[in-house]
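Asker: Here it is, the structure, as C-alpha cells.
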Amino acid sequence: MGAPIHSPAVKRFGIFEMDPESRELRKRGVSVKLQDLPFKILTILLEKPGEVVARDELRNQLWSPDVFVDFDHSLNTAVTRVREALGDSADNPRYIETIPRRGYRFIAPVTTAETVKENGSEPALPPPKAVPPEVWQPAGRNLTRLLVVAMIALLVGAAFTWIWLRPEPALGVSRIVRITNTGDIAAVDPNLEIFPTLLTDGARLYFLRTSHGRSSVAQVSAVGGETISTSTPLDLVDPWLVDISPDGSRLLIREPLNANAESPFWILPTVGGGLQRVPRIEGHDGTWYQGRRRIVYAHGDDLLTANPDGSEVRQLVTAPGRPFWPRWSPDARRLRFTLRDPRTGSLSLWEVDADGKHLHPLLPNWNAVATECCGNWTADGAYFVFQSSRSGTSDIWALRETKDFLGKRSNQPIRLTGGPLQFEGPIPSRDGKRVFVSGVENRSELFKYDRSSRRLVPYLALPAIAKGQPDWLAFSRDKSWVAFTGLSDHTLWRARADGTERLQLTSPPMQAYLPRWSPDGTRIAFAGKTPGQPWRIYLVASSGGGLQTLFPEDRNQNDPDWSPDGNQIVFGRVPDYMAEASMPKAIYVFDLRTSQLSKLPGSDGFYSPRWSPDGRYLVALPLDEGRLVLFDFKTQKWSNLVTCNGAWPIWSLDSQYIYGITQLEGSDVTNYRLRLSDRKLERVGSARDVQRSDVTDLVFAGITPDDSLLLLANESSADIYALDLKEP
C-alpha cells in the first residue's frame with residue numbers, strides 16, 4: 001500500500017461545503033453555480049475565517065501587477081456574486097462581513113475535513129468515537145435535590161436568555177397620509193449640500209417650494225390643506241430653512257452659500273415681525289439650542305454656539321469633516337449631526353455630548369457605505385428617526401433610544417418605509433404620533449429650445465431609456481453619436497444621434513457624470529463615483545469594454561475634457577462644498593502619451609475646464625462660480641469673460657460661442673450664450689418661456705449639433721406625507 005495522498009481540504013460552514021479540488025460549492029449536497037473569480041474570493045476568505053482579508057491582499061492574489069482592471073468595481077461585483085450564492089446580505093451578514101475601507105471577513109464558523117486517499121482509493125473512514133466512561137452519580141435524596149436545583153437554574157437561565165434575545169417589539173407605520181398636493185417641494189441634492197428641510201411648530205409645517213428654478217418659504221396646516229407662500233420682508237434670493245425654535249415662534253434661515261461655502265443667518269418670526277440678521281457669524285447649517293437663548297451653527301468643520309445677536313461665540317467641537325443638520329436630544333444632553341466625509345463626500349450620523357466630549361459615529365459599520373443623514377428625535381426621546389439610502393433608494397429608519405429593564409439598548413434601526421417614493425428629511429410631530437417626510441418621484445423630459453418661436457420642443461432624437469430620461473449628454477465631433485447618463489441610476493450609455501444602437505457602458509454602483517467624446521470618437525471620458533470613494537476620471541471605449549482609470553490618485557478629480565488632438569485630458573477638482581474644502585484646487589492637464597501630469601499656469605482656485613475645439617482657449621469657473629474666466633494658450637494668461645449667477649460652460653463646435661451661462665431676471669433664471677469676438681451675451685432661453693405648470697425646474701443639459709440649447713425639464717413630484725406611527 002502506497003503513501004497517502006492529501007487532497008485540498010473541504011471547508012464546511014452552515015449548510016454549505018466548498019471543495020477546492022473539484023472547484024465546487026454545494027448547498028446541502030446540491031451544487032451551487034459560482035463563477036471563477038467569486039469562487040477564488042470565497043476560497044481566500046475561507047482560508048482565514050474570522051480574520052480581516054484586506055482589499056489589497058485580495059488584489060495581489062487575484063490579479064498580477066501587469067494586468068489592468070477596475071479593481072474596486074470588479075471586486076465589489078464579485079463579492080456580491082458570492083453573497084448571492086450564499087443567500088447572504090451586506091446589511092445583515094451571516095457569512096461575509098464588509099469592513100469599511102479595509103476589506104472583508106468570513107464570520108461564520110468553518111470546519112475543515114481533509115480528504116485522504118491511499119493510492120487513489122476512497123477516503124479512509126474516521127476512527128470510531130471513544131465511548132466516555134460511566135460517571136458516578138449520587139443516589140436517592142441527594143440526586144433528587146440536585147435535579148430540582150438544576151431544573152430551576154435551567155428555567156431561570158432560559159427565561160433570561162429569552163428576555164435578552166427576544167426580538168424587540170417594532171415601531172411601525174399604520175398608514176401614509178398625503179399632506180400637500182402641489183408637487184413643488186424643493187429638490188434635494190446632498191452633493192451640493194442641499195439637504196431636505198421640513199419644520200413644524202405643531203400646528204403648521206414650514207418648507208421650501210420651487211418654481212422655475214427659484215425657491216421660497218411656504219407653509220401648510222399639519223393636517224393638510226391649502227399651501228400658503230411666506231414672503232420674507234427683505235425678499236431674500238433663494239432662502240434656505242435651517243431650523244425652528246423649540247417654542248415654534250422663530251425660523252432660522254440661511255442665505256445661499258457664498259464663495260467660502262458659508263453664508264449669513266437670519267431669524268424670521270412665524271407670526272408677524274421683521275426679518276433680523278444674525279450679525280458677525282456665517283455658516284452652512286445650524287439649530288436652535290434647547291435653552292432657546294442660543295443657536296448652534298456649523299462653519300467649516302466646527303460646530304459653534306452663539307447668541308442670536310452674534311455675541312459670545314464659543315466652539316463646541318471640531319468634527320472630522322463638514323457637519324450638517326445638527327439636532328439636540330430632548331434632554332439637551334447630546335447633539336447629533338450629519339457628517340460629510342472630506343475625502344469621499346459620503347454621509348454618516350455622529351453624536352457628541354453637550355460639553356463637546358465623546359465625539360463618535362452613531363452607527364459604525366451598520367451600512368457597508370455610510371449614506372445616513374438628517375436625523376431627529378421624537379418628542380419623548382424614545383426614537384431617533386433618520387433617512388438612509390441603499391441601492392439608490394432613500395427610506396426612513398428609526399433607532400430605539402430607550403433601554404429595557406436589563407439596561408439593553410437596541411443598536412439595530414427599524415425600517416419605516418420601503419418605497420416606491422424617495423422619502424427624505426423626517427420630522428416627528430410634536431405629539432409623537434406622526435413623522436412628516438418629503439416624498440419624491442423623479443421625472444424629467446428633454447427639450448430643445450427653438451429660438452425663433454421661443455418655445456421648448458420635445459427632443460425626439462433620443463428616446464427615453466428604460467430607467468429614465470438622460471440628465472446630461474454630449475455629441476461626438478462628427479455629430480453622429482451621443483453619450484448620455486440615465487436619470488435614475490446614472491449609468492453611462494452611447495447611441496446613434498437618432499437614438500438607435502444604444503449600448504450601456506457602465507453598471508451600478510458606479511455613477512457616471514459629464515461624458516466627453518474623444519475627437520476621433522473612439523473613447524469617452526467621464527467623471528465617475530462609486531460609494532465610499534473619491535470622484536475619479538475614467539476612460540471607456542465607445543464600443544464597450546472595461547473601464548480605465550485616468551491615473552491613480554487619492555484625491556477627487558472631476559470635469560474632464562479632451563484636447564483637440566486627443567492626446568491630453570484636462571480636469572479640475574470638486575468645489576469646496578462637495579469635498580476637500582481645506583485642500584488646494586487647480587486645473588491639471590494629463591498627457592496620455594507620457595502619463596505626465598502638469599498644472600495649468602495661474603489656475604489656482606479654478607475648476608470646470610472646457611477646451612475650445614480650435615485649441616486656442618480654455619474656459620473655466622472660479623470656485624465661487626460667480627464669473628467665467630478664459631485662458632489663452634498663446635499668451636499663457638487668464639482674463640475675465642463675464643460676471644454671472646452661474647455657468648456650466650460648453651463651447652459651440654466653431655469655437656465662437658460659450659453656452660451655459662445663467663443670469664437672474666427678476667424671479668426667473670435666464671440662459672445666455674457669450675459671443676467670444678465681442679464678449680457680448682445673447683439670450684437663448686428662460687424659465688418663463690415654458691408655459692407648463694407641471695415643470696418645477698429647468699436645467700441646462702447641453703447643445704445639439706446645430707448649437708440649439710437643450711434643457712432638462714424636471715417634472716418631479718415632491719410632496720409632504722405623514723407617517724402615522726403604530727406603537728409596538
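In the C-alpha cells, chains take the letters A, B, ... in the order shown, each chain's residues start at 1, and ligands count up from 1 in the order shown.
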Would you pick out the contacts of Trp651 in chain A at 8 Å or less, using only C-alpha atoms, so that residues sharing its chain but fewer than 6 positions from it are not included, and give the list as a list of chain:residue names?
Answerer: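 Close residues of Trp651 in chain A: A:Arg610, A:Trp611, A:Ser612, A:Pro613, A:Tyr657, A:Ile658, A:Tyr659.
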Asker: Write out, as a compact mmCIF listing (two decimals), in the first residue's frame, the residues just selected, with N, CA, C and O atoms.
Answerer:
```txt
# COMPACT_ATOMS: atom_id res chain seq x y z
N ARG A 610 -12.99 73.74 -19.89
CA ARG A 610 -13.52 73.33 -21.18
C ARG A 610 -12.60 73.85 -22.28
O ARG A 610 -12.42 75.06 -22.43
N TRP A 611 -12.01 72.93 -23.05
CA TRP A 611 -11.06 73.26 -24.12
C TRP A 611 -11.84 73.64 -25.38
O TRP A 611 -12.76 72.91 -25.78
N SER A 612 -11.51 74.76 -26.01
CA SER A 612 -12.20 75.16 -27.24
C SER A 612 -11.82 74.17 -28.35
O SER A 612 -10.68 73.68 -28.41
N PRO A 613 -12.76 73.86 -29.25
CA PRO A 613 -12.47 72.90 -30.33
C PRO A 613 -11.29 73.29 -31.21
O PRO A 613 -10.62 72.42 -31.76
N TYR A 657 -18.79 80.60 -29.67
CA TYR A 657 -19.72 80.89 -28.58
C TYR A 657 -19.46 79.97 -27.39
O TYR A 657 -18.96 78.85 -27.54
N ILE A 658 -19.84 80.47 -26.22
CA ILE A 658 -19.81 79.67 -25.00
C ILE A 658 -21.23 79.65 -24.44
O ILE A 658 -21.82 80.71 -24.17
N TYR A 659 -21.79 78.47 -24.28
CA TYR A 659 -23.15 78.30 -23.77
C TYR A 659 -23.11 77.93 -22.28
O TYR A 659 -22.06 77.63 -21.72
```
Asker: Identify, on the basis of only C-alpha atoms, every residue whose closest approach to Asp201 in chain A does not exceed 8 Å; exclude the query and any residue fewer than 2 positions from it along the same chain; express the result as a PyMOL selection string.
Answerer: chain A and resi 199+203-205+244+246-249+430
Asker: Quick one: write out the picked residues with C-alpha atoms as a PDB file, in the first residue's frame?
Answerer:
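After the write, again.pdb holds the following:
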```pdb
ATOM      1  CA  LEU A 199     -40.026  72.097  10.017  1.00  0.00           C
ATOM      2  CA  ALA A 203     -49.926  73.202  14.058  1.00  0.00           C
ATOM      3  CA  ARG A 204     -48.172  74.057  10.785  1.00  0.00           C
ATOM      4  CA  LEU A 205     -45.435  72.731   8.531  1.00  0.00           C
ATOM      5  CA  ILE A 244     -37.385  76.318  14.049  1.00  0.00           C
ATOM      6  CA  PRO A 246     -38.430  74.979  20.334  1.00  0.00           C
ATOM      7  CA  ASP A 247     -41.456  77.214  21.019  1.00  0.00           C
ATOM      8  CA  GLY A 248     -42.229  77.428  17.281  1.00  0.00           C
ATOM      9  CA  SER A 249     -42.036  81.221  17.188  1.00  0.00           C
ATOM     10  CA  ARG A 430     -44.733  67.382  18.457  1.00  0.00           C
TER      11      ARG A 430
END
```
Asker: What does the structure give for the distance between CA of Arg28 in chain A and CA of Asn92 in chain A, in Å to one decimal?
Answerer: 22.2 Å
Asker: I'd like the contact shell of range 31-36 of chain A - 12 Å cut-off, only C-alpha atoms, skipping same-chain residues fewer than 6 positions apart - returned as a list of chain:residue names.
Answerer: A:Ile15, A:Phe16, A:Glu17, A:Met18, A:Asp19, A:Pro20, A:Ser22, A:Arg23, A:Glu24, A:Leu25, A:Leu42, A:Thr43, A:Leu62, A:Thr77, A:Ala78, A:Val79, A:Thr80, A:Arg81, A:Val82, A:Arg83, A:Glu84, A:Ala85, A:Leu86, A:Gly87
Asker: How close does range 518-594 of chain A get to range 365-372 of chain A? List, as JSON lines, each residue of range 518-594 of chain A within 12 Å, its nearest atom pair and the distance in Å to one decimal, counting only C-alpha atoms.
Answerer:
```
{"residue": "A:Thr530", "atom": "CA", "partner": "A:Val369", "partner_atom": "CA", "distance": 9.9}
{"residue": "A:Pro531", "atom": "CA", "partner": "A:Val369", "partner_atom": "CA", "distance": 6.2}
{"residue": "A:Gly532", "atom": "CA", "partner": "A:Val369", "partner_atom": "CA", "distance": 5.7}
{"residue": "A:Gln533", "atom": "CA", "partner": "A:Val369", "partner_atom": "CA", "distance": 9.5}
```
Asker: Env of range 497-512 of chain A: 6 Å cut, atoms = only C-alpha atoms, seq-sep filter 5 positions within chain, self excluded. Answer as a list of chain:residue names.
Answerer: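 Contacts, with the query itself left out: A:Ala461, A:Leu462, A:Ser480, A:Trp481, A:Val482, A:His490, A:Thr491, A:Leu492, A:Ala527, A:Gly528, A:Lys529, A:Thr530, A:Gly544.
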Asker: Taking N, CA and C atoms for each residue, export the selection above as a short mmCIF file (atom, residue, chain, number, x, y, z; two decimals), in the first residue's frame.
Answerer:
```
data_model
loop_
_atom_site.label_atom_id
_atom_site.label_comp_id
_atom_site.auth_asym_id
_atom_site.auth_seq_id
_atom_site.Cartn_x
_atom_site.Cartn_y
_atom_site.Cartn_z
N ALA A 461 -34.90 63.01 -30.81
CA ALA A 461 -33.79 62.26 -31.39
C ALA A 461 -33.27 61.20 -30.44
N LEU A 462 -33.53 61.37 -29.13
CA LEU A 462 -33.02 60.41 -28.15
C LEU A 462 -34.18 59.96 -27.27
N SER A 480 -22.51 62.30 -35.13
CA SER A 480 -23.28 61.09 -35.43
C SER A 480 -23.58 60.26 -34.19
N TRP A 481 -22.90 60.51 -33.08
CA TRP A 481 -23.10 59.73 -31.86
C TRP A 481 -23.40 60.65 -30.68
N VAL A 482 -24.06 60.09 -29.68
CA VAL A 482 -24.36 60.84 -28.46
C VAL A 482 -24.06 59.94 -27.27
N HIS A 490 -27.74 56.84 -13.14
CA HIS A 490 -26.52 57.46 -13.66
C HIS A 490 -25.60 56.45 -14.33
N THR A 491 -26.17 55.49 -15.05
CA THR A 491 -25.36 54.63 -15.90
C THR A 491 -25.04 55.37 -17.19
N LEU A 492 -23.88 55.06 -17.76
CA LEU A 492 -23.43 55.73 -18.99
C LEU A 492 -23.85 54.91 -20.21
N ALA A 527 -16.61 61.60 -15.46
CA ALA A 527 -16.37 61.63 -14.02
C ALA A 527 -17.20 60.53 -13.39
N GLY A 528 -16.55 59.64 -12.63
CA GLY A 528 -17.24 58.50 -12.03
C GLY A 528 -17.17 58.53 -10.52
N LYS A 529 -18.23 58.02 -9.89
CA LYS A 529 -18.30 57.99 -8.42
C LYS A 529 -18.83 56.63 -8.00
N THR A 530 -18.07 55.94 -7.15
CA THR A 530 -18.54 54.72 -6.51
C THR A 530 -18.67 54.98 -5.02
N GLY A 544 -17.65 49.77 -26.05
CA GLY A 544 -17.84 48.96 -24.86
C GLY A 544 -16.53 48.34 -24.41
#
```
Asker: For range 434-445 of chain A, list every protein, DNA or RNA residue within 6 Å, evaluated using only C-alpha atoms, and leave out those in the same chain fewer than 6 positions away; present the list as a VMD selection string.
Answerer: chain A and resid 421 to 428 712 to 725
Asker: Please compute the CA of Pro601 in chain A-CA of Gly615 in chain A distance, one decimal, in Å.
Answerer: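 So the answer is 16.3 Å.
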Asker: Record the distance separating CA of Leu710 in chain A and CA of Arg477 in chain A, expressed in Å with one decimal.
Answerer: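 Here the two named atoms are 17.2 Å from each other.
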Asker: Ile537 in chain A: which residues within 7 Å, counting only C-alpha atoms, same-chain residues fewer than 6 positions away excluded, as a list in words?
Answerer: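 So the residues in contact are Ala525, Phe526, Ala527, Gly528, Thr549, Leu550, Gln557, Asn558 and Pro560 of chain A.
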Asker: Find the residue from A:Thr635, A:Pro264, A:Asp576, A:Pro93 that sits nearest to Asn556 in chain A; use only C-alpha atoms when measuring.
Answerer: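 Looking at the shortest contact to Asn556 in chain A, the residue is A:Asp576.
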Asker: Tell me which protein, DNA and RNA residues are within 9 Å of Ser311 in chain A, counting only C-alpha atoms, leaving out same-chain ones fewer than 5 positions away, and put them as a PyMOL selection string.
Answerer: chain A and resi 279-281+306
Asker: Would you give me, as an mmCIF file with N, CA and C atoms, in the first residue's frame, the residues in range 15-105 of chain A that DSSP reads as helix (DSSP H, G or I)?
Answerer:
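And here's states_5.cif as it stands now:
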```cif
data_model
loop_
_atom_site.group_PDB
_atom_site.id
_atom_site.type_symbol
_atom_site.label_atom_id
_atom_site.label_comp_id
_atom_site.auth_asym_id
_atom_site.auth_seq_id
_atom_site.Cartn_x
_atom_site.Cartn_y
_atom_site.Cartn_z
ATOM 1 N N ASP A 36 -15.703 31.784 -11.672
ATOM 2 C CA ASP A 36 -14.325 31.543 -11.250
ATOM 3 C C ASP A 36 -13.824 32.586 -10.258
ATOM 4 N N LEU A 37 -13.990 33.892 -10.575
ATOM 5 C CA LEU A 37 -13.461 34.932 -9.694
ATOM 6 C C LEU A 37 -14.153 34.932 -8.327
ATOM 7 N N PRO A 38 -15.501 34.866 -8.254
ATOM 8 C CA PRO A 38 -16.135 34.764 -6.936
ATOM 9 C C PRO A 38 -15.696 33.524 -6.169
ATOM 10 N N PHE A 39 -15.466 32.380 -6.880
ATOM 11 C CA PHE A 39 -15.025 31.159 -6.199
ATOM 12 C C PHE A 39 -13.645 31.367 -5.580
ATOM 13 N N LYS A 40 -12.746 32.040 -6.297
ATOM 14 C CA LYS A 40 -11.412 32.316 -5.749
ATOM 15 C C LYS A 40 -11.500 33.189 -4.506
ATOM 16 N N ILE A 41 -12.384 34.199 -4.542
ATOM 17 C CA ILE A 41 -12.532 35.084 -3.371
ATOM 18 C C ILE A 41 -13.047 34.309 -2.178
ATOM 19 N N LEU A 42 -14.041 33.435 -2.388
ATOM 20 C CA LEU A 42 -14.566 32.613 -1.290
ATOM 21 C C LEU A 42 -13.476 31.707 -0.741
ATOM 22 N N THR A 43 -12.646 31.123 -1.620
ATOM 23 C CA THR A 43 -11.549 30.252 -1.175
ATOM 24 C C THR A 43 -10.582 31.012 -0.277
ATOM 25 N N ILE A 44 -10.223 32.243 -0.675
ATOM 26 C CA ILE A 44 -9.279 33.045 0.108
ATOM 27 C C ILE A 44 -9.865 33.385 1.478
ATOM 28 N N LEU A 45 -11.149 33.774 1.518
ATOM 29 C CA LEU A 45 -11.779 34.129 2.790
ATOM 30 C C LEU A 45 -11.891 32.930 3.720
ATOM 31 N N LEU A 46 -12.187 31.732 3.152
ATOM 32 C CA LEU A 46 -12.335 30.534 3.989
ATOM 33 C C LEU A 46 -11.001 30.065 4.554
ATOM 34 N N GLU A 47 -9.892 30.458 3.930
ATOM 35 C CA GLU A 47 -8.576 30.097 4.472
ATOM 36 C C GLU A 47 -8.254 30.878 5.740
ATOM 37 N N ARG A 55 -8.371 44.428 1.157
ATOM 38 C CA ARG A 55 -8.675 44.540 -0.274
ATOM 39 C C ARG A 55 -7.397 44.442 -1.113
ATOM 40 N N ASP A 56 -6.303 45.040 -0.615
ATOM 41 C CA ASP A 56 -5.044 44.953 -1.354
ATOM 42 C C ASP A 56 -4.542 43.516 -1.420
ATOM 43 N N GLU A 57 -4.735 42.743 -0.342
ATOM 44 C CA GLU A 57 -4.329 41.342 -0.356
ATOM 45 C C GLU A 57 -5.117 40.555 -1.388
ATOM 46 N N LEU A 58 -6.418 40.833 -1.479
ATOM 47 C CA LEU A 58 -7.240 40.175 -2.493
ATOM 48 C C LEU A 58 -6.763 40.553 -3.896
ATOM 49 N N ARG A 59 -6.434 41.808 -4.056
ATOM 50 C CA ARG A 59 -5.981 42.258 -5.384
ATOM 51 C C ARG A 59 -4.703 41.537 -5.785
ATOM 52 N N ASN A 60 -3.758 41.410 -4.842
ATOM 53 C CA ASN A 60 -2.485 40.767 -5.155
ATOM 54 C C ASN A 60 -2.653 39.296 -5.489
ATOM 55 N N GLN A 61 -3.633 38.627 -4.858
ATOM 56 C CA GLN A 61 -3.833 37.208 -5.115
ATOM 57 C C GLN A 61 -4.653 36.944 -6.367
ATOM 58 N N LEU A 62 -5.472 37.898 -6.763
ATOM 59 C CA LEU A 62 -6.393 37.672 -7.874
ATOM 60 C C LEU A 62 -5.848 38.164 -9.210
ATOM 61 N N PHE A 71 -10.281 47.663 -10.324
ATOM 62 C CA PHE A 71 -10.266 46.766 -9.166
ATOM 63 C C PHE A 71 -11.480 46.927 -8.279
ATOM 64 N N ASP A 72 -11.810 48.171 -7.891
ATOM 65 C CA ASP A 72 -12.926 48.388 -6.969
ATOM 66 C C ASP A 72 -14.226 47.831 -7.536
ATOM 67 N N HIS A 73 -14.502 48.157 -8.810
ATOM 68 C CA HIS A 73 -15.751 47.693 -9.423
ATOM 69 C C HIS A 73 -15.768 46.171 -9.537
ATOM 70 N N SER A 74 -14.650 45.564 -9.983
ATOM 71 C CA SER A 74 -14.605 44.118 -10.181
ATOM 72 C C SER A 74 -14.731 43.373 -8.865
ATOM 73 N N LEU A 75 -14.023 43.848 -7.825
ATOM 74 C CA LEU A 75 -14.079 43.171 -6.531
ATOM 75 C C LEU A 75 -15.468 43.291 -5.916
ATOM 76 N N ASN A 76 -16.054 44.480 -5.957
ATOM 77 C CA ASN A 76 -17.397 44.656 -5.385
ATOM 78 C C ASN A 76 -18.411 43.754 -6.076
ATOM 79 N N THR A 77 -18.310 43.666 -7.405
ATOM 80 C CA THR A 77 -19.241 42.815 -8.153
ATOM 81 C C THR A 77 -19.052 41.346 -7.795
ATOM 82 N N ALA A 78 -17.777 40.912 -7.680
ATOM 83 C CA ALA A 78 -17.509 39.504 -7.369
ATOM 84 C C ALA A 78 -17.992 39.138 -5.971
ATOM 85 N N VAL A 79 -17.764 40.010 -4.993
ATOM 86 C CA VAL A 79 -18.237 39.732 -3.632
ATOM 87 C C VAL A 79 -19.763 39.672 -3.604
ATOM 88 N N THR A 80 -20.406 40.535 -4.387
ATOM 89 C CA THR A 80 -21.873 40.478 -4.483
ATOM 90 C C THR A 80 -22.331 39.124 -5.023
ATOM 91 N N ARG A 81 -21.603 38.575 -6.015
ATOM 92 C CA ARG A 81 -21.955 37.268 -6.570
ATOM 93 C C ARG A 81 -21.802 36.169 -5.514
ATOM 94 N N VAL A 82 -20.758 36.252 -4.679
ATOM 95 C CA VAL A 82 -20.588 35.261 -3.609
ATOM 96 C C VAL A 82 -21.758 35.335 -2.637
ATOM 97 N N ARG A 83 -22.126 36.563 -2.244
ATOM 98 C CA ARG A 83 -23.240 36.716 -1.304
ATOM 99 C C ARG A 83 -24.541 36.181 -1.897
ATOM 100 N N GLU A 84 -24.758 36.415 -3.193
ATOM 101 C CA GLU A 84 -25.969 35.899 -3.822
ATOM 102 C C GLU A 84 -25.996 34.376 -3.788
ATOM 103 N N ALA A 85 -24.841 33.742 -4.023
ATOM 104 C CA ALA A 85 -24.785 32.277 -3.994
ATOM 105 C C ALA A 85 -25.051 31.729 -2.596
ATOM 106 N N LEU A 86 -24.623 32.475 -1.576
ATOM 107 C CA LEU A 86 -24.801 32.030 -0.191
ATOM 108 C C LEU A 86 -26.110 32.506 0.411
#
```
